[in-house]
file data-v1.txt (compact mmCIF, C-alpha atoms)
# COMPACT_ATOMS: atom_id res chain seq x y z
CA MET A 24 92.51 77.79 90.82
CA ILE A 25 93.36 80.63 93.18
CA LYS A 26 92.03 84.02 92.03
CA LEU A 27 92.53 86.18 95.15
CA ILE A 28 95.44 86.38 97.60
CA ALA A 29 95.12 88.58 100.69
CA THR A 30 97.97 88.99 103.15
CA ASP A 31 98.42 90.84 106.39
CA MET A 32 101.42 93.15 106.51
CA ASP A 33 103.15 93.38 109.91
CA GLY A 34 104.44 90.04 111.13
CA THR A 35 103.33 88.43 107.86
CA LEU A 36 104.42 89.91 104.53
CA LEU A 37 106.91 92.23 106.27
CA ASN A 38 109.88 90.92 108.22
CA ASP A 39 110.78 92.26 111.65
CA LYS A 40 112.73 95.12 110.03
CA ASN A 41 109.63 96.32 108.14
CA GLU A 42 111.04 94.97 104.86
CA ILE A 43 109.39 93.11 101.99
CA SER A 44 111.03 90.08 100.41
CA LYS A 45 113.43 90.93 97.57
CA ASP A 46 111.42 88.52 95.38
CA PHE A 47 108.04 90.12 96.08
CA TYR A 48 107.82 92.23 92.92
CA LYS A 49 108.85 89.34 90.68
CA VAL A 50 106.18 87.13 92.25
CA PHE A 51 103.62 89.93 91.97
CA GLU A 52 104.26 90.23 88.22
CA GLU A 53 103.83 86.48 87.78
CA LEU A 54 100.53 86.58 89.66
CA LYS A 55 99.39 89.49 87.52
CA LYS A 56 100.05 87.44 84.38
CA LYS A 57 97.78 84.75 85.82
CA ASP A 58 95.02 87.32 86.59
CA VAL A 59 95.35 86.74 90.34
CA ILE A 60 94.29 89.71 92.48
CA PHE A 61 96.83 90.49 95.20
CA ALA A 62 95.57 92.38 98.25
CA ALA A 63 97.30 93.90 101.26
CA ALA A 64 94.87 93.27 104.14
CA SER A 65 96.05 95.31 107.07
CA GLY A 66 95.18 97.40 110.07
CA ARG A 67 97.34 100.06 108.43
CA GLN A 68 95.87 103.17 106.85
CA TYR A 69 95.07 103.11 103.12
CA TYR A 70 97.46 106.01 102.43
CA ASN A 71 100.24 104.18 104.23
CA LEU A 72 99.71 101.10 102.07
CA LEU A 73 99.38 103.22 98.94
CA LYS A 74 102.78 104.79 99.52
CA ARG A 75 104.37 101.44 100.36
CA PHE A 76 103.25 99.95 97.05
CA GLU A 77 103.16 103.11 94.92
CA ASP A 78 104.94 101.45 91.97
CA ILE A 79 102.24 98.78 91.60
CA ALA A 80 99.29 100.51 93.33
CA ASP A 81 97.21 100.59 90.14
CA ASP A 82 97.21 96.78 90.05
CA MET A 83 96.80 96.03 93.77
CA MET A 84 93.85 95.77 96.09
CA PHE A 85 94.01 97.47 99.50
CA ILE A 86 91.91 96.12 102.37
CA ALA A 87 92.81 98.84 104.83
CA GLU A 88 92.00 99.68 108.46
CA ASN A 89 91.14 96.03 109.26
CA GLY A 90 88.51 95.74 106.54
CA THR A 91 86.71 99.05 107.02
CA PHE A 92 87.95 100.55 103.74
CA VAL A 93 88.70 98.75 100.47
CA MET A 94 90.19 100.31 97.35
CA TYR A 95 90.99 98.60 94.06
CA LYS A 96 92.46 100.30 90.99
CA GLY A 97 91.52 103.70 92.36
CA GLU A 98 87.90 102.71 93.00
CA GLU A 99 86.28 102.56 96.44
CA LEU A 100 84.71 99.12 96.81
CA LEU A 101 83.78 99.13 100.48
CA LEU A 102 83.39 101.70 103.25
CA ASN A 103 82.14 100.61 106.66
CA ALA A 104 81.88 103.68 108.84
CA LEU A 105 81.52 103.82 112.62
CA ASP A 106 78.65 105.81 114.16
CA LYS A 107 80.01 109.19 115.26
CA GLU A 108 78.24 109.21 118.62
CA VAL A 109 79.60 105.78 119.39
CA ALA A 110 83.05 106.97 118.34
CA LYS A 111 82.85 109.84 120.83
CA GLU A 112 82.02 107.39 123.59
CA LEU A 113 84.99 105.19 122.67
CA ILE A 114 87.31 108.18 122.57
CA GLY A 115 86.24 109.14 126.08
CA ILE A 116 87.14 105.69 127.36
CA GLY A 117 90.46 105.66 125.54
CA ARG A 118 91.52 108.96 127.03
CA LYS A 119 91.34 107.42 130.52
CA ILE A 120 93.46 104.30 129.86
CA GLU A 121 96.89 104.40 131.46
CA GLY A 122 99.74 104.09 128.97
CA ALA A 123 97.41 104.36 125.98
CA TYR A 124 96.74 106.91 123.24
CA VAL A 125 93.74 107.30 120.92
CA ILE A 126 93.85 107.55 117.13
CA LEU A 127 90.66 108.50 115.31
CA CYS A 128 90.94 106.81 111.92
CA GLY A 129 89.02 108.68 109.23
CA LYS A 130 88.63 108.17 105.51
CA LYS A 131 90.57 111.35 104.69
CA SER A 132 93.14 111.19 107.47
CA ALA A 133 93.97 109.87 110.92
CA TYR A 134 93.63 112.27 113.85
CA ILE A 135 95.43 112.46 117.19
CA GLU A 136 95.38 114.93 120.07
CA ASN A 137 98.58 113.96 121.88
CA THR A 138 102.11 114.85 120.80
CA ASP A 139 104.05 112.40 122.96
CA GLU A 140 107.22 111.61 120.99
CA LYS A 141 107.01 107.83 121.40
CA PHE A 142 103.35 107.85 120.36
CA ILE A 143 104.05 110.01 117.30
CA GLU A 144 106.79 107.59 116.25
CA GLU A 145 104.37 104.65 116.39
CA THR A 146 101.65 106.62 114.60
CA GLU A 147 103.94 107.46 111.70
CA LYS A 148 104.74 103.78 111.14
CA TYR A 149 101.15 103.02 110.13
CA TYR A 150 99.51 106.34 109.23
CA GLU A 151 100.89 108.32 106.30
CA GLU A 152 98.21 110.97 106.61
CA TYR A 153 97.54 112.24 110.12
CA LYS A 154 96.60 115.52 111.78
CA ILE A 155 97.03 116.78 115.32
CA VAL A 156 93.79 118.30 116.58
CA ASP A 157 92.58 119.84 119.84
CA ASP A 158 89.56 117.57 120.23
CA LEU A 159 88.98 114.24 118.48
CA THR A 160 85.25 114.39 119.17
CA LYS A 161 84.90 117.42 116.90
CA VAL A 162 86.54 115.91 113.81
CA GLU A 163 84.44 115.96 110.63
CA ASP A 164 85.19 112.87 108.54
CA ASP A 165 83.86 109.38 107.84
CA ILE A 166 85.13 107.45 110.86
CA LEU A 167 86.51 104.01 110.03
CA LYS A 168 87.67 102.91 113.46
CA ILE A 169 89.11 103.94 116.80
CA ALA A 170 92.67 102.68 117.27
CA ILE A 171 94.31 102.48 120.68
CA CYS A 172 98.10 102.55 120.89
CA ASP A 173 98.73 100.87 124.23
CA PHE A 174 102.30 100.76 125.49
CA LEU A 175 101.25 98.60 128.44
CA GLY A 176 99.90 95.88 126.11
CA SER A 177 96.62 95.76 124.21
CA GLU A 178 95.69 92.20 125.16
CA THR A 179 96.13 92.67 128.91
CA ASN A 180 95.41 96.40 129.34
CA SER A 181 93.22 98.39 126.92
CA HIS A 182 91.25 95.35 125.72
CA ASN A 183 89.71 95.11 129.21
CA TYR A 184 88.19 98.58 128.85
CA TYR A 185 86.25 97.63 125.72
CA LYS A 186 85.11 94.11 126.61
CA ASP A 187 81.56 95.29 127.28
CA TYR A 188 81.33 96.49 123.67
CA LYS A 189 81.98 93.10 122.08
CA ASP A 190 78.29 92.43 121.51
CA LYS A 191 77.75 95.82 119.86
CA LEU A 192 81.05 96.44 118.04
CA GLN A 193 84.03 94.67 116.51
CA VAL A 194 86.86 94.80 119.05
CA SER A 195 90.12 93.42 117.60
CA ILE A 196 93.55 93.00 119.14
CA SER A 197 95.68 93.97 116.16
CA GLY A 198 99.15 93.74 117.67
CA ALA A 199 101.07 93.70 120.91
CA ILE A 200 100.33 97.40 121.49
CA TRP A 201 97.35 97.92 119.16
CA LEU A 202 93.61 97.60 119.69
CA ASP A 203 91.05 98.49 116.99
CA VAL A 204 87.33 99.12 117.56
CA MET A 205 85.04 99.15 114.53
CA ALA A 206 81.39 98.84 113.63
CA LYS A 207 79.77 95.48 114.38
CA GLY A 208 80.45 92.83 111.78
CA VAL A 209 83.38 94.70 110.26
CA ASN A 210 86.70 92.88 109.94
CA LYS A 211 89.09 91.57 107.29
CA GLY A 212 87.14 88.34 106.90
CA VAL A 213 83.81 90.03 106.27
CA ALA A 214 85.47 92.39 103.78
CA ILE A 215 86.93 89.46 101.87
CA SER A 216 83.57 87.66 101.86
CA LYS A 217 81.90 90.74 100.37
CA LEU A 218 84.66 91.02 97.78
CA GLN A 219 84.27 87.36 96.85
CA GLU A 220 80.59 88.00 96.19
CA MET A 221 81.25 91.21 94.22
CA LEU A 222 84.01 89.67 92.09
CA ASN A 223 82.53 86.18 91.76
CA ILE A 224 85.45 84.52 93.55
CA ALA A 225 84.82 81.35 95.55
CA HIS A 226 86.01 80.44 99.06
CA GLU A 227 88.12 77.69 97.44
CA GLU A 228 89.70 80.24 95.08
CA THR A 229 90.99 82.45 97.90
CA MET A 230 94.32 82.34 99.74
CA VAL A 231 95.04 84.34 102.91
CA PHE A 232 98.01 84.84 105.24
CA GLY A 233 98.05 86.27 108.77
CA ASP A 234 99.77 86.26 112.14
CA TYR A 235 97.62 88.00 114.75
CA LEU A 236 94.16 88.06 116.30
CA ASN A 237 92.76 90.64 113.87
CA ASP A 238 93.33 87.98 111.19
CA LEU A 239 91.06 85.37 112.82
CA GLU A 240 88.00 86.04 110.67
CA MET A 241 90.16 86.30 107.55
CA MET A 242 91.33 82.71 108.10
CA GLU A 243 87.71 81.59 107.88
CA SER A 244 87.10 83.48 104.63
CA ALA A 245 89.38 81.27 102.52
CA TYR A 246 90.03 77.58 102.03
CA HIS A 247 93.74 78.29 101.56
CA SER A 248 94.27 79.89 104.98
CA TYR A 249 97.84 80.15 106.24
CA ALA A 250 99.04 81.11 109.70
CA MET A 251 102.66 82.15 109.89
CA GLU A 252 104.91 80.03 112.10
CA ASN A 253 105.36 83.16 114.21
CA ALA A 254 101.58 83.62 114.53
CA HIS A 255 99.53 83.88 117.72
CA ASP A 256 98.56 80.41 118.97
CA ASP A 257 94.84 81.18 118.63
CA LEU A 258 95.30 81.99 114.95
CA LYS A 259 97.14 78.72 114.34
CA LYS A 260 94.11 76.86 115.71
CA VAL A 261 91.85 78.45 113.07
CA ALA A 262 94.10 78.38 109.99
CA ARG A 263 94.11 75.30 107.79
CA PHE A 264 97.78 75.50 106.79
CA ARG A 265 101.15 76.95 107.87
CA ALA A 266 103.69 79.22 106.20
CA LYS A 267 107.26 79.84 107.29
CA ARG A 268 108.01 82.72 109.64
CA ASN A 269 107.79 86.29 108.39
CA THR A 270 111.56 86.52 108.90
CA GLU A 271 111.95 83.67 106.38
CA ASP A 272 109.80 85.27 103.64
CA GLY A 273 107.03 82.80 104.46
CA VAL A 274 104.33 84.41 102.31
CA ILE A 275 106.42 84.63 99.15
CA ASP A 276 107.89 81.18 99.74
CA LYS A 277 104.43 79.60 99.99
CA ILE A 278 103.05 81.46 96.95
CA ARG A 279 106.01 80.32 94.88
CA GLU A 280 105.43 76.75 96.02
CA VAL A 281 101.68 76.69 95.38
CA PHE A 282 101.91 78.38 91.97
CA GLU A 283 105.10 76.49 91.07
CA LEU A 284 106.94 79.70 90.24
CA THR A 285 110.59 79.59 89.24
CA LEU A 286 112.21 83.00 89.32

call {"tool": "encode", "arguments": {"input": "data-v1.txt", "output": "structure tokens"}}
result
Amino acid sequence: MIKLIATDMDGTLLNDKNEISKDFYKVFEELKKKDVIFAAASGRQYYNLLKRFEDIADDMMFIAENGTFVMYKGEELLLNALDKEVAKELIGIGRKIEGAYVILCGKKSAYIENTDEKFIEETEKYYEEYKIVDDLTKVEDDILKIAICDFLGSETNSHNYYKDYKDKLQVSISGAIWLDVMAKGVNKGVAISKLQEMLNIAHEETMVFGDYLNDLEMMESAYHSYAMENAHDDLKKVARFRAKRNTEDGVIDKIREVFELTL
């Protein structure tokens, strides 16, 4: 019996127009009746997710910032902060990358020091709470991760600048133009494993959905692991099962099938 469902957002639960399936809320209510915990597991900020699901936020779990921060029913379950001196070092590198911009992701807010219009537009898609500051290295907050918005491509450009940190930190390609750097051993999969232990939920009782490389570890955290048909090829190699494309409501379609829901 499945007790926990965790799904990525962009490219997974959301279609390419940033929309959720029209049947999502009906399915959510059916899962709630069955005491199934539904979690949004995303690189997005907690406050962004909270606003997106404000009508059902009290009943949802939020695995935010790629597993660095977990909230459930208003209670903080996990916080995996990044060392501030390390963060300063990462910021310094990010400032020098052509075509890239740095976001300091804190518990209270996200912080940026560049007002480029295109960058601001991308920031506002994923960060509900953000502040423009003069110097990211002087921010006082619990630091969850360093995010790099890379308009030249995260996999081929900015990722190269942080390769030497892979043994010391978690470096995740989160999207075509997004790179996230977190504390070592921090990712969606580790967060889910900790939650399974805290909530007494087994690997076989967990279902996950994802589409990109920051979902790799999450696929290993659940027996019922689904890669979207539109997923990165490397994710498809790790996932046990497939779901239809995000543009075909693949997550909701598969949940309805597995739970035999008729709406």

call {"tool": "atom_distance", "arguments": {"input": "data-v1.txt", "atom1": "CA of Met94 in chain A", "atom2": "CA of Tyr69 in chain A"}}
result
8.1 Å

call {"tool": "residues_around", "arguments": {"input": "data-v1.txt", "residues": "Lys96 in chain A", "least_positions_apart": "3", "cutoff": "8 Å", "atoms": "all atoms listed in the file", "output": "VMD selection string"}}
result
chain A and resid 80 to 84

call {"tool": "residues_around", "arguments": {"input": "data-v1.txt", "residues": "range 218-223 of chain A", "least_positions_apart": "6", "cutoff": "9 Å", "atoms": "all atoms listed in the file", "output": "list in words"}}
result
Leu27, Leu100, Leu101 and Thr229 of chain A

call {"tool": "residues_around", "arguments": {"input": "data-v1.txt", "residues": "range 254-262 of chain A", "least_positions_apart": "4", "cutoff": "9 Å", "atoms": "all atoms listed in the file", "output": "PyMOL selection string"}}
result
chain A and resi 34-35+232-236+238-240+242-243+246-250+268

call {"tool": "write_last_selection", "arguments": {"input": "data-v1.txt", "atoms": "C-alpha atoms", "output": "PDB file, in the frame of the given file"}}
result
ATOM      1  CA  GLY A  34     104.440  90.040 111.130  1.00  0.00           C
ATOM      2  CA  THR A  35     103.330  88.430 107.860  1.00  0.00           C
ATOM      3  CA  PHE A 232      98.010  84.840 105.240  1.00  0.00           C
ATOM      4  CA  GLY A 233      98.050  86.270 108.770  1.00  0.00           C
ATOM      5  CA  ASP A 234      99.770  86.260 112.140  1.00  0.00           C
ATOM      6  CA  TYR A 235      97.620  88.000 114.750  1.00  0.00           C
ATOM      7  CA  LEU A 236      94.160  88.060 116.300  1.00  0.00           C
ATOM      8  CA  ASP A 238      93.330  87.980 111.190  1.00  0.00           C
ATOM      9  CA  LEU A 239      91.060  85.370 112.820  1.00  0.00           C
ATOM     10  CA  GLU A 240      88.000  86.040 110.670  1.00  0.00           C
ATOM     11  CA  MET A 242      91.330  82.710 108.100  1.00  0.00           C
ATOM     12  CA  GLU A 243      87.710  81.590 107.880  1.00  0.00           C
ATOM     13  CA  TYR A 246      90.030  77.580 102.030  1.00  0.00           C
ATOM     14  CA  HIS A 247      93.740  78.290 101.560  1.00  0.00           C
ATOM     15  CA  SER A 248      94.270  79.890 104.980  1.00  0.00           C
ATOM     16  CA  TYR A 249      97.840  80.150 106.240  1.00  0.00           C
ATOM     17  CA  ALA A 250      99.040  81.110 109.700  1.00  0.00           C
ATOM     18  CA  ARG A 268     108.010  82.720 109.640  1.00  0.00           C
TER      19      ARG A 268
END

call {"tool": "closest_atom_pairs", "arguments": {"input": "data-v1.txt", "of": "range 171-241 of chain A", "to": "range 52-66 of chain A", "cutoff": "10 Å", "atoms": "all atoms listed in the file", "output": "CSV"}}
result
residue,atom,partner,partner_atom,distance
A:Ser195,CA,A:Gly66,CA,9.9
A:Ser197,CA,A:Gly66,CA,7.0
A:Gly198,CA,A:Gly66,CA,9.3
A:Trp201,CA,A:Gly66,CA,9.4
A:Leu202,CA,A:Gly66,CA,9.7
A:Asp203,CA,A:Gly66,CA,8.1
A:Asn210,CA,A:Gly66,CA,9.6
A:Lys211,CA,A:Ala64,CA,6.8
A:Gly212,CA,A:Ala64,CA,9.6
A:Ala214,CA,A:Ala64,CA,9.4
A:Ile215,CA,A:Ala64,CA,9.1
A:Glu228,CA,A:Val59,CA,9.8
A:Thr229,CA,A:Ile60,CA,9.6
A:Met230,CA,A:Phe61,CA,9.7
A:Val231,CA,A:Ala64,CA,9.0
A:Phe232,CA,A:Ala64,CA,9.1
A:Gly233,CA,A:Ala64,CA,9.0
A:Asn237,CA,A:Gly66,CA,8.1
A:Asp238,CA,A:Ser65,CA,8.8
A:Met241,CA,A:Ala64,CA,9.1

call {"tool": "closest_residue", "arguments": {"input": "data-v1.txt", "among": "A:Asp31, A:Glu271, A:Asp106, A:Glu145", "to": "Leu72 in chain A", "atoms": "all atoms listed in the file"}}
result
A:Asp31

call {"tool": "closest_residue", "arguments": {"input": "data-v1.txt", "among": "A:Ile135, A:Ile200, A:Val213, A:Leu159", "to": "Asp173 in chain A", "atoms": "only C-alpha atoms"}}
result
A:Ile200

call {"tool": "atom_distance", "arguments": {"input": "data-v1.txt", "atom1": "CA of Ile120 in chain A", "atom2": "CA of Tyr150 in chain A"}}
result
21.6 Å

call {"tool": "atom_distance", "arguments": {"input": "data-v1.txt", "atom1": "CA of Glu178 in chain A", "atom2": "CA of Gly117 in chain A"}}
result
14.4 Å

call {"tool": "axis_aligned_box", "arguments": {"input": "data-v1.txt", "around": "range 236-240 of chain A", "padding_each_side": "3 Å", "output": "JSON"}}
result
{"center_x": 91.1, "center_y": 88.0, "center_z": 113.5, "size_x": 12.2, "size_y": 11.3, "size_z": 11.6}

call {"tool": "closest_residue", "arguments": {"input": "data-v1.txt", "among": "A:Asp190, A:Lys130, A:Ser44, A:Tyr124", "to": "Glu99 in chain A", "atoms": "only C-alpha atoms"}}
result
A:Lys130

call {"tool": "residues_around", "arguments": {"input": "data-v1.txt", "residues": "Leu105 in chain A", "least_positions_apart": "2", "cutoff": "8 Å", "atoms": "all atoms listed in the file", "output": "ChimeraX atom specification"}}
result
/A:103,107,109-110,165-168,205-206

call {"tool": "closest_residue", "arguments": {"input": "data-v1.txt", "among": "A:Phe174, A:Tyr149, A:Phe85, A:Phe76", "to": "Gly122 in chain A", "atoms": "only C-alpha atoms"}}
result
A:Phe174

call {"tool": "closest_residue", "arguments": {"input": "data-v1.txt", "among": "A:Thr146, A:Thr160, A:Thr270, A:Ser244", "to": "Ile43 in chain A", "atoms": "all atoms listed in the file"}}
result
A:Thr270
